[in-house]
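Dumped query-v2.cif below, it's mmCIF, C-alpha atoms and all ligand atoms:
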```cif
data_upload
#
loop_
_atom_site.label_atom_id
_atom_site.label_comp_id
_atom_site.auth_asym_id
_atom_site.auth_seq_id
_atom_site.Cartn_x
_atom_site.Cartn_y
_atom_site.Cartn_z
CA MET A 184 121.30 63.83 81.73
CA THR A 185 117.65 63.41 81.21
CA ASN A 186 116.05 60.03 81.22
CA GLY A 187 114.31 60.60 77.92
CA GLY A 188 112.65 57.20 78.00
CA LEU A 189 110.32 57.87 80.90
CA ILE A 190 109.13 61.30 79.88
CA SER A 191 109.42 61.12 76.10
CA ASP A 192 106.59 58.59 75.87
CA LEU A 193 104.20 60.89 77.76
CA LYS A 194 103.20 62.78 74.61
CA PRO A 195 100.72 65.27 76.05
CA SER A 196 97.99 66.67 73.83
CA MET A 197 98.44 70.42 73.54
CA PHE A 198 95.73 73.03 72.96
CA THR A 199 95.73 76.81 72.74
CA MET A 200 93.04 78.59 74.75
CA PRO A 201 91.19 81.57 73.22
CA ASP A 202 93.37 83.97 75.21
CA GLY A 203 96.56 82.34 73.95
CA ARG A 204 97.44 80.27 77.01
CA LEU A 205 98.49 76.65 76.55
CA LEU A 206 96.73 73.57 77.93
CA HIS A 207 98.49 70.19 78.08
CA LEU A 208 96.46 67.05 78.74
CA TYR A 209 98.53 64.08 79.96
CA GLY A 210 97.29 60.51 80.02
CA ASP A 211 93.73 59.68 79.02
CA TYR A 212 91.04 62.25 78.39
CA SER A 213 87.71 62.24 76.64
CA GLY A 214 86.20 64.89 74.42
CA THR A 215 87.85 67.71 72.49
CA PRO A 216 88.35 70.94 74.41
CA ARG A 217 85.99 73.67 73.23
CA TRP A 218 86.08 77.01 74.94
CA PRO A 219 83.40 79.66 74.57
CA ALA A 220 84.48 82.44 72.22
CA ALA A 221 86.77 84.89 74.00
CA ASP A 222 84.62 87.59 75.57
CA GLY A 223 86.80 90.54 74.78
CA PRO A 224 90.52 90.95 75.13
CA HIS A 225 92.24 88.97 77.85
CA GLN A 226 93.12 91.28 80.68
CA LYS A 227 96.85 91.41 80.29
CA GLY A 228 99.52 93.10 82.28
CA PHE A 229 103.14 92.53 83.03
CA SER A 230 104.95 91.99 86.30
CA HIS A 231 108.36 93.36 87.13
CA ARG A 232 110.92 92.71 89.85
CA ARG A 233 112.78 95.12 92.07
CA TRP A 234 115.99 94.46 93.97
CA HIS A 235 115.69 94.60 97.75
CA PRO A 236 119.04 96.20 98.52
CA VAL A 237 119.42 95.09 102.13
CA ARG A 238 117.86 91.61 102.03
CA ARG A 239 119.66 91.23 98.69
CA GLU A 240 116.81 89.49 96.92
CA TRP A 241 114.28 90.17 94.18
CA VAL A 242 110.67 91.11 94.96
CA ILE A 243 108.02 90.51 92.27
CA TYR A 244 105.29 93.08 91.68
CA SER A 245 102.18 92.01 89.77
CA ALA A 246 99.82 94.94 90.11
CA HIS A 247 97.59 93.53 87.36
CA ARG A 248 96.83 90.47 89.52
CA GLN A 249 95.05 92.57 92.11
CA THR A 250 92.12 93.04 89.76
CA ARG A 251 91.68 89.30 89.20
CA THR A 252 88.13 88.08 89.56
CA TYR A 253 86.56 84.80 88.85
CA LYS A 254 83.34 85.46 87.07
CA PRO A 255 80.72 85.91 89.76
CA THR A 256 77.92 84.25 87.77
CA THR A 257 78.95 80.83 89.01
CA ASP A 258 80.59 79.35 92.04
CA ALA A 259 81.55 76.21 90.15
CA CYS A 260 85.12 75.00 90.49
CA PRO A 261 87.07 76.16 87.41
CA LEU A 262 89.27 73.04 87.57
CA CYS A 263 86.42 70.53 87.26
CA PRO A 264 85.84 69.02 83.81
CA GLU A 265 83.42 70.98 81.63
CA ALA A 266 82.85 73.56 84.37
CA PRO A 267 81.07 76.70 83.16
CA ASP A 268 83.82 79.26 82.57
CA GLY A 269 86.28 76.54 83.57
CA GLU A 270 89.80 76.00 82.35
CA ILE A 271 89.51 72.37 81.18
CA PRO A 272 86.48 71.91 78.91
CA VAL A 273 86.68 68.14 78.36
CA ARG A 274 84.48 65.40 79.81
CA ASP A 275 87.25 63.66 81.70
CA PHE A 276 91.02 63.90 82.03
CA SER A 277 93.93 62.39 83.91
CA ILE A 278 96.33 65.29 84.51
CA ALA A 279 95.98 68.77 83.02
CA VAL A 280 98.63 71.50 82.97
CA PHE A 281 97.85 75.02 81.80
CA ASP A 282 99.32 78.50 81.98
CA ASN A 283 98.02 80.35 85.02
CA ARG A 284 95.43 82.95 84.03
CA PHE A 285 96.93 85.44 86.47
CA SER A 286 100.59 84.60 86.16
CA SER A 287 103.22 86.30 88.33
CA PHE A 288 105.79 85.72 85.56
CA GLN A 289 105.22 86.09 81.84
CA LYS A 290 106.87 84.32 78.91
CA ASP A 291 107.01 87.53 76.87
CA CYS A 292 107.61 89.92 79.75
CA PRO A 293 109.29 93.12 78.52
CA LYS A 294 112.03 94.97 80.35
CA PRO A 295 110.32 97.61 82.52
CA GLU A 296 110.75 101.31 81.97
CA PRO A 297 112.43 103.30 84.76
CA ILE A 298 109.95 104.14 87.54
CA PRO A 299 110.09 107.63 89.10
CA GLY A 300 111.34 107.52 92.67
CA VAL A 301 112.53 103.91 92.49
CA ASP A 302 116.31 103.94 92.81
CA VAL A 303 116.93 100.20 93.12
CA PRO A 304 117.56 97.92 90.13
CA ILE A 305 114.41 96.81 88.35
CA ASP A 306 114.15 94.03 85.79
CA SER A 307 111.74 91.92 83.79
CA ALA A 308 109.69 89.23 85.52
CA ALA A 309 110.22 86.78 82.67
CA GLY A 310 109.30 83.17 83.29
CA ASN A 311 106.07 81.23 83.53
CA CYS A 312 103.50 80.00 86.03
CA GLU A 313 101.54 76.83 85.35
CA VAL A 314 98.70 75.11 87.16
CA ILE A 315 98.86 71.30 87.35
CA VAL A 316 95.55 69.54 88.07
CA TYR A 317 96.01 66.03 89.46
CA SER A 318 92.59 64.59 88.67
CA ALA A 319 89.16 65.34 87.27
CA ASP A 320 87.77 64.27 90.67
CA HIS A 321 87.13 67.39 92.75
CA LYS A 322 87.37 65.45 96.02
CA ALA A 323 90.63 63.59 95.39
CA SER A 324 93.88 64.42 97.16
CA MET A 325 97.49 63.27 97.18
CA ALA A 326 96.43 60.75 99.82
CA THR A 327 93.62 59.24 97.73
CA LEU A 328 94.82 59.41 94.11
CA SER A 329 95.54 56.02 92.58
CA GLN A 330 99.15 54.85 92.53
CA GLU A 331 99.01 54.93 88.73
CA ARG A 332 97.90 58.57 88.79
CA ARG A 333 100.61 59.59 91.25
CA GLU A 334 103.23 57.89 89.07
CA LEU A 335 101.91 59.92 86.14
CA LEU A 336 102.14 63.06 88.30
CA VAL A 337 105.83 62.43 89.07
CA ARG A 338 106.54 61.90 85.38
CA VAL A 339 104.58 65.02 84.41
CA TRP A 340 106.69 67.03 86.88
CA GLY A 341 109.73 65.67 85.05
CA ASP A 342 108.29 66.54 81.65
CA ARG A 343 107.29 70.09 82.62
CA VAL A 344 110.62 70.76 84.34
CA HIS A 345 112.44 69.51 81.26
CA ALA A 346 110.25 71.58 78.90
CA LEU A 347 110.39 74.79 80.94
CA LEU A 348 114.17 74.61 81.36
CA GLN A 349 114.37 74.66 77.54
CA MET A 350 113.05 78.26 77.61
CA PRO A 351 116.12 80.48 77.22
CA ALA A 352 115.01 82.84 80.00
CA VAL A 353 114.37 80.12 82.57
CA LYS A 354 117.01 79.16 85.15
CA VAL A 355 114.97 77.48 87.88
CA VAL A 356 111.76 75.42 87.83
CA MET A 357 109.91 74.65 91.05
CA PRO A 358 106.71 72.60 91.25
CA PHE A 359 104.83 72.95 94.51
CA GLU A 360 101.46 72.36 96.15
CA ASN A 361 99.66 74.35 98.80
CA ARG A 362 97.08 72.15 100.49
CA GLY A 363 94.24 73.40 102.69
CA GLU A 364 92.69 76.73 103.56
CA GLU A 365 95.38 77.35 106.17
CA ALA A 366 97.87 77.28 103.29
CA GLY A 367 95.89 79.95 101.45
CA VAL A 368 94.08 77.61 99.08
CA THR A 369 90.73 78.79 97.79
CA LEU A 370 90.22 76.07 95.18
CA HIS A 371 89.94 72.65 96.80
CA HIS A 372 90.25 70.69 93.59
CA PRO A 373 93.53 68.72 93.88
CA HIS A 374 96.16 70.75 92.11
CA GLY A 375 99.59 72.26 92.39
CA GLN A 376 101.60 74.86 90.57
CA ILE A 377 104.85 75.03 88.63
CA TYR A 378 106.87 78.25 88.70
CA ALA A 379 109.65 78.91 86.20
CA PHE A 380 112.05 81.65 87.34
CA SER A 381 114.46 83.65 85.20
CA TYR A 382 116.76 84.21 88.18
CA MET A 383 117.94 82.29 91.26
CA PRO A 384 115.47 82.80 94.13
CA PRO A 385 117.32 83.31 97.44
CA VAL A 386 116.38 80.02 99.12
CA ILE A 387 117.44 78.00 96.09
CA GLU A 388 120.64 80.06 95.80
CA THR A 389 121.54 79.25 99.41
CA MET A 390 120.67 75.57 98.97
CA ALA A 391 122.79 75.46 95.80
CA GLN A 392 125.74 76.80 97.77
CA GLY A 393 125.29 74.09 100.41
CA PHE A 394 125.16 71.34 97.81
CA ARG A 395 128.01 72.88 95.79
CA ASP A 396 130.10 72.83 98.98
CA GLY A 397 129.52 69.10 99.19
CA TYR A 398 126.51 68.43 101.44
CA ASP A 399 125.40 64.91 100.55
CA LEU A 400 121.64 64.53 100.87
CA THR A 401 121.69 60.83 100.02
CA LYS A 402 123.33 60.01 103.37
CA LEU A 403 120.07 61.00 105.10
CA THR A 404 118.29 58.24 103.19
CA SER A 405 120.09 55.69 105.38
CA SER A 406 119.66 57.42 108.75
CA ALA A 407 117.47 55.07 110.80
CA PRO A 408 116.61 57.60 113.57
CA HIS A 409 115.17 59.99 110.97
CA ALA A 410 113.31 57.51 108.77
CA VAL A 411 109.55 57.95 108.34
CA ALA A 412 108.93 55.45 105.52
CA GLN A 413 111.21 53.30 103.37
CA THR A 414 111.01 51.94 99.87
CA GLY A 415 113.69 50.16 97.86
CA SER A 416 114.94 53.27 96.05
CA MET A 417 113.61 56.28 97.97
CA MET A 418 113.11 57.30 101.58
CA ALA A 419 110.88 59.73 103.48
CA PHE A 420 112.61 61.20 106.53
CA VAL A 421 112.61 64.12 108.94
CA PRO A 422 115.89 65.94 108.33
CA PRO A 423 117.97 66.27 111.53
CA PHE A 424 117.87 70.05 111.03
CA ALA A 425 114.10 70.37 110.32
CA ARG A 426 112.79 73.92 110.75
CA PHE A 427 109.12 72.91 111.02
CA PRO A 428 107.65 70.40 113.46
CA TYR A 429 106.97 67.22 111.44
CA GLU A 430 108.73 68.50 108.32
CA VAL A 431 109.37 65.54 105.97
CA TRP A 432 111.60 65.19 102.95
CA ILE A 433 111.45 62.53 100.23
CA ALA A 434 114.67 61.80 98.36
CA PRO A 435 116.12 59.11 96.10
CA LYS A 436 118.85 56.93 97.61
CA ILE A 437 120.99 57.62 94.54
CA PHE A 438 121.62 61.20 93.41
CA ARG A 439 119.18 62.41 90.76
CA SER A 440 118.95 66.01 89.60
CA SER A 441 115.35 66.00 88.37
CA PRO A 442 112.21 63.87 88.40
CA ALA A 443 112.95 63.55 84.68
CA ASP A 444 115.98 61.43 85.63
CA LEU A 445 114.17 58.87 87.78
CA THR A 446 114.04 55.21 86.81
CA ALA A 447 110.64 53.51 86.56
CA ASN A 448 111.30 51.96 89.97
CA GLU A 449 112.10 55.35 91.52
CA VAL A 450 108.99 56.93 89.97
CA SER A 451 106.91 54.18 91.54
CA ASP A 452 108.60 54.50 94.96
CA CYS A 453 108.34 58.30 94.89
CA ALA A 454 104.62 58.03 94.09
CA ARG A 455 104.11 55.58 96.98
CA LEU A 456 105.94 57.82 99.45
CA LEU A 457 103.93 60.89 98.39
CA ALA A 458 100.77 59.03 99.37
CA ILE A 459 102.25 57.53 102.52
CA VAL A 460 103.44 60.92 103.81
CA ALA A 461 100.09 62.58 103.06
CA LYS A 462 98.21 59.68 104.72
CA LYS A 463 100.47 59.76 107.76
CA TYR A 464 99.89 63.49 108.20
CA ASP A 465 96.12 63.06 107.86
CA THR A 466 96.13 60.19 110.37
CA PHE A 467 98.55 61.81 112.81
CA PHE A 468 96.73 65.14 112.91
CA GLY A 469 93.30 63.50 112.69
CA ARG A 470 92.13 65.62 109.80
CA THR A 471 92.97 66.53 106.21
CA SER A 472 96.20 68.31 106.98
CA PRO A 473 97.24 71.60 105.45
CA TYR A 474 100.77 71.58 104.10
CA MET A 475 103.09 73.11 101.59
CA MET A 476 104.98 70.65 99.40
CA ILE A 477 107.93 71.80 97.33
CA VAL A 478 109.61 69.79 94.59
CA TYR A 479 113.25 70.90 94.38
CA VAL A 480 114.98 70.33 91.07
CA ALA A 481 118.51 71.22 89.94
CA PRO A 482 118.59 74.71 88.43
CA ARG A 483 120.00 75.01 84.94
CA GLY A 484 123.73 74.24 84.97
CA MET A 485 123.64 72.66 88.46
CA GLU A 486 122.64 69.16 87.39
CA ASP A 487 125.87 67.66 88.74
CA PHE A 488 125.40 68.57 92.39
CA PHE A 489 121.88 69.86 93.17
CA PRO A 490 119.69 66.87 94.14
CA PHE A 491 116.05 66.41 93.23
CA HIS A 492 114.03 65.97 96.43
CA ILE A 493 110.65 66.92 97.88
CA GLN A 494 110.04 68.87 101.10
CA PHE A 495 106.77 68.85 103.04
CA TYR A 496 105.97 71.64 105.48
CA PRO A 497 102.86 70.74 107.50
CA LEU A 498 101.12 73.80 108.90
CA LEU A 499 100.00 72.02 112.07
CA ARG A 500 102.08 71.26 115.15
CA ALA A 501 99.23 69.41 116.89
CA PRO A 502 95.73 68.40 115.68
CA GLN A 503 94.11 71.77 116.37
CA LYS A 504 97.21 73.95 116.63
CA LEU A 505 98.50 75.90 113.67
CA LYS A 506 102.19 76.51 113.23
CA TYR A 507 102.56 80.19 112.43
CA MET A 508 105.50 81.97 110.94
CA ALA A 509 105.94 84.47 113.77
CA GLY A 510 108.07 87.54 114.37
CA CYS A 511 111.25 85.69 115.18
CA GLU A 512 111.09 83.48 112.10
CA LEU A 513 110.12 86.25 109.67
CA GLY A 514 112.25 88.92 111.30
CA SER A 515 115.44 86.99 111.86
CA GLY A 516 115.21 83.86 109.74
CA SER A 517 115.79 81.76 112.87
CA PHE A 518 113.22 79.03 113.36
CA LEU A 519 112.15 77.95 116.84
CA VAL A 520 110.96 74.33 116.96
CA ASP A 521 109.32 72.56 119.90
CA VAL A 522 109.71 69.00 118.59
CA LEU A 523 113.08 67.32 118.11
CA PRO A 524 113.44 65.94 114.58
CA GLU A 525 114.18 62.44 115.94
CA THR A 526 110.98 62.57 118.03
CA ALA A 527 108.94 63.79 115.06
CA ALA A 528 110.40 61.02 112.90
CA ARG A 529 109.51 58.34 115.47
CA SER A 530 105.98 59.71 115.85
CA LEU A 531 105.35 59.70 112.11
CA ARG A 532 107.08 56.35 111.66
CA ASP A 533 104.75 54.83 114.25
CA VAL A 534 101.64 56.04 112.43
CA THR A 535 100.31 53.06 110.50
CA VAL A 536 98.54 53.69 107.24
CA GLU A 537 97.30 51.23 104.68
CA ASP A 538 100.07 50.28 102.30
CA VAL A 539 100.10 51.89 98.92
CA ARG A 540 100.71 49.79 95.83
ZN ZN B 1 86.75 70.91 91.00
#
```

Written as structure tokens, how would this file's structure read?
Amino acid sequence: MTNGGLISDLKPSMFTMPDGRLLHLYGDYSGTPRWPAADGPHQKGFSHRRWHPVRREWVIYSAHRQTRTYKPTTDACPLCPEAPDGEIPVRDFSIAVFDNRFSSFQKDCPKPEPIPGVDVPIDSAAGNCEVIVYSADHKASMATLSQERRELLVRVWGDRVHALLQMPAVKVVMPFENRGEEAGVTLHHPHGQIYAFSYMPPVIETMAQGFRDGYDLTKLTSSAPHAVAQTGSMMAFVPPFARFPYEVWIAPKIFRSSPADLTANEVSDCARLLAIVAKKYDTFFGRTSPYMMIVYVAPRGMEDFFPFHIQFYPLLRAPQKLKYMAGCELGSGSFLVDVLPETAARSLRDVTVEDVR
């Protein structure tokens, strides 16, 4: 049940890089991409996954990624337009999506050979990893992109999710963004990533069970004590069971399984709330706030009950205090939170930011 109208008119321009990776340019761009001739064979290797028998989850091994280097001759950002040795050799662009140079999953990943001494199941790490660049402007962020650009971003998520779920090996697609050095980001150019998995990752498996058992996310979009920001068709809220201080979710008021299914109105409201949440964090914490943002989309075959929504995990609990994943959280899976979700919601609700149109 894909809303073909909103994504089918995107019509990205597609290019093949010298090493065989694909580049999609969405919206306006200027110039024709020209890469320098490939300087020798692309360093290629394959990942594999191994079954963790007691946590009962897959672990991905990408030994070839350890050798990754950006060419040391330049410290230019590889996501800026026409950067030397960059990924997007055009003069200007709106949104660019390309296959990650050092991908954890590979489209043509073979089944691994048995490995001596490894007695747990091993399997192929088929799938794909894409980078999605939000703007040609190195200094932009989710909080400062234009509303038009954020609307394009939401629609591009829908288009990529739809396209990647067409790959026979792919079961789950998850766009996400890590923002800030505290979130492990080394490139500050505004960008996110899109992972396409060939299996159900454990968190998504557990969430799918919750939704399959009937948990209705849309009821949270009318919970006044948890509201952070409202629009006509979507709401940003702190879930009453938040695991992080100031965790915020954005969800449509009517069930949708994918950003590809949103109406034009919902795309617009989603784009506004993305900016409002980012601005509220930056204002509340008094700085550009590090966060992880995850776009959850129904896995293949779960379109009837798994709701599209977005989760923000800020990595601060106070302006200068980082929230760490500590021993209890990592060791037991039990999160310890110092701020009640209702208190966090009120605090963020009370933060005024300029309206976004
Ligand atoms: Zn840049």

Q: Figure out the distance between atom CA of Gly210 of chain A and atom CA of Val460 of chain A, please, to one decimal in Å.
A: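 Taking atom CA of Val460 of chain A and atom CA of Gly210 of chain A, their separation equals 24.6 Å.
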
Q | Selection within 7 Å of ligand ZN 1 (chain B) by only C-alpha atoms and all ligand atoms, output as a list of chain:residue names | A |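 For ligand ZN 1 (chain B), the residues inside 7 Å are A:Cys260, A:Pro261, A:Leu262, A:Cys263, A:Asp320, A:His321, A:His371, A:His372.
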
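Here the question is which of A:Ile243, A:Ala391, A:Met383, A:Val450 gets nearest to Phe488 of chain A using all atoms listed in the file, and that residue is A:Ala391.
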
**Q.** Of the listed residues A:Phe359, A:Tyr317, A:Tyr429, A:Phe276, that which approaches Phe467 of chain A most closely, counting only C-alpha atoms
**A.**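 Going through A:Phe359, A:Tyr317, A:Tyr429, A:Phe276 one by one, the smallest distance to Phe467 of chain A is for A:Tyr429.
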
Q.
Give me the residues near segment 296-305 of chain A as a ChimeraX atom specification, where near means some atom within 6 Å (using all atoms listed in the file) and where sequence neighbours in that chain fewer than 2 positions away do not count.
A. /A:232-234

Resulting file, chosen residues, C-alpha atoms, as a short mmCIF file (atom, residue, chain, number, x, y, z; two decimals), keeping the file's coordinate frame:
```
data_model
loop_
_atom_site.label_atom_id
_atom_site.label_comp_id
_atom_site.auth_asym_id
_atom_site.auth_seq_id
_atom_site.Cartn_x
_atom_site.Cartn_y
_atom_site.Cartn_z
CA ARG A 232 110.92 92.71 89.85
CA ARG A 233 112.78 95.12 92.07
CA TRP A 234 115.99 94.46 93.97
#
```

C-alpha atoms of segment 430-520 of chain A from block above, as an mmCIF file, in the first residue's frame:
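This is the output file result-v5.cif:
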```cif
data_model
loop_
_atom_site.group_PDB
_atom_site.id
_atom_site.type_symbol
_atom_site.label_atom_id
_atom_site.label_comp_id
_atom_site.auth_asym_id
_atom_site.auth_seq_id
_atom_site.Cartn_x
_atom_site.Cartn_y
_atom_site.Cartn_z
ATOM 1 C CA GLU A 430 13.577 10.806 24.206
ATOM 2 C CA VAL A 431 11.034 12.017 21.612
ATOM 3 C CA TRP A 432 9.012 10.139 19.034
ATOM 4 C CA ILE A 433 7.246 11.553 15.970
ATOM 5 C CA ALA A 434 4.278 9.590 14.642
ATOM 6 C CA PRO A 435 1.312 10.107 12.325
ATOM 7 C CA LYS A 436 -2.114 10.306 13.977
ATOM 8 C CA ILE A 437 -3.371 7.719 11.486
ATOM 9 C CA PHE A 438 -1.503 4.429 11.031
ATOM 10 C CA ARG A 439 1.014 4.494 8.177
ATOM 11 C CA SER A 440 3.526 1.740 7.539
ATOM 12 C CA SER A 441 6.154 3.761 5.675
ATOM 13 C CA PRO A 442 7.079 7.342 4.819
ATOM 14 C CA ALA A 443 6.164 6.242 1.293
ATOM 15 C CA ASP A 444 2.528 6.072 2.459
ATOM 16 C CA LEU A 445 2.267 9.608 3.843
ATOM 17 C CA THR A 446 -0.116 12.139 2.342
ATOM 18 C CA ALA A 447 1.275 15.502 1.214
ATOM 19 C CA ASN A 448 -0.099 17.009 4.420
ATOM 20 C CA GLU A 449 1.619 14.377 6.575
ATOM 21 C CA VAL A 450 4.922 14.849 4.729
ATOM 22 C CA SER A 451 4.711 18.561 5.466
ATOM 23 C CA ASP A 452 3.807 18.039 9.146
ATOM 24 C CA CYS A 453 6.519 15.405 9.586
ATOM 25 C CA ALA A 454 9.086 17.797 8.091
ATOM 26 C CA ARG A 455 7.954 20.586 10.444
ATOM 27 C CA LEU A 456 8.184 18.354 13.506
ATOM 28 C CA LEU A 457 11.674 17.150 12.562
ATOM 29 C CA ALA A 458 12.833 20.762 12.653
ATOM 30 C CA ILE A 459 10.870 21.644 15.773
ATOM 31 C CA VAL A 460 12.284 18.696 17.743
ATOM 32 C CA ALA A 461 15.860 19.458 16.638
ATOM 33 C CA LYS A 462 15.399 23.167 17.475
ATOM 34 C CA LYS A 463 13.887 22.368 20.862
ATOM 35 C CA TYR A 464 16.820 20.112 21.731
ATOM 36 C CA ASP A 465 19.338 22.756 20.639
ATOM 37 C CA THR A 466 17.526 25.436 22.654
ATOM 38 C CA PHE A 467 16.891 23.264 25.716
ATOM 39 C CA PHE A 468 20.473 22.014 25.963
ATOM 40 C CA GLY A 469 21.926 25.365 24.876
ATOM 41 C CA ARG A 470 24.088 23.889 22.159
ATOM 42 C CA THR A 471 23.925 21.854 18.964
ATOM 43 C CA SER A 472 22.734 18.662 20.570
ATOM 44 C CA PRO A 473 24.080 15.231 19.752
ATOM 45 C CA TYR A 474 21.382 12.678 19.093
ATOM 46 C CA MET A 475 20.562 9.483 17.301
ATOM 47 C CA MET A 476 17.434 9.566 15.161
ATOM 48 C CA ILE A 477 15.918 6.352 13.870
ATOM 49 C CA VAL A 478 13.205 6.112 11.219
ATOM 50 C CA TYR A 479 11.229 2.923 11.849
ATOM 51 C CA VAL A 480 9.418 1.459 8.865
ATOM 52 C CA ALA A 481 7.343 -1.715 8.556
ATOM 53 C CA PRO A 482 9.536 -4.671 7.614
ATOM 54 C CA ARG A 483 8.541 -6.603 4.521
ATOM 55 C CA GLY A 484 5.253 -8.421 5.131
ATOM 56 C CA MET A 485 4.411 -6.403 8.268
ATOM 57 C CA GLU A 486 2.782 -3.449 6.533
ATOM 58 C CA ASP A 487 -0.568 -4.108 8.220
ATOM 59 C CA PHE A 488 0.544 -3.622 11.815
ATOM 60 C CA PHE A 489 4.059 -2.129 12.116
ATOM 61 C CA PRO A 490 3.731 1.686 12.209
ATOM 62 C CA PHE A 491 6.111 4.143 10.587
ATOM 63 C CA HIS A 492 7.454 6.501 13.261
ATOM 64 C CA ILE A 493 10.659 8.306 14.190
ATOM 65 C CA GLN A 494 12.548 8.019 17.491
ATOM 66 C CA PHE A 495 15.055 10.579 18.766
ATOM 67 C CA TYR A 496 17.603 9.620 21.403
ATOM 68 C CA PRO A 497 19.406 12.733 22.663
ATOM 69 C CA LEU A 498 22.795 11.940 24.148
ATOM 70 C CA LEU A 499 22.578 14.698 26.756
ATOM 71 C CA ARG A 500 20.649 14.631 30.021
ATOM 72 C CA ALA A 501 21.616 18.215 30.914
ATOM 73 C CA PRO A 502 23.498 20.919 28.948
ATOM 74 C CA GLN A 503 26.973 19.648 29.814
ATOM 75 C CA LYS A 504 26.129 16.125 30.955
ATOM 76 C CA LEU A 505 26.341 13.188 28.608
ATOM 77 C CA LYS A 506 23.983 10.275 28.945
ATOM 78 C CA TYR A 507 26.115 7.154 28.780
ATOM 79 C CA MET A 508 25.057 3.625 28.139
ATOM 80 C CA ALA A 509 26.504 2.175 31.335
ATOM 81 C CA GLY A 510 26.984 -1.300 32.761
ATOM 82 C CA CYS A 511 23.417 -1.801 33.864
ATOM 83 C CA GLU A 512 21.937 -0.789 30.515
ATOM 84 C CA LEU A 513 24.403 -2.765 28.385
ATOM 85 C CA GLY A 514 24.659 -5.699 30.746
ATOM 86 C CA SER A 515 21.020 -6.205 31.596
ATOM 87 C CA GLY A 516 19.026 -4.256 29.034
ATOM 88 C CA SER A 517 17.321 -2.368 31.876
ATOM 89 C CA PHE A 518 17.436 1.391 31.481
ATOM 90 C CA LEU A 519 17.659 3.680 34.507
ATOM 91 C CA VAL A 520 16.146 7.116 33.875
#
```
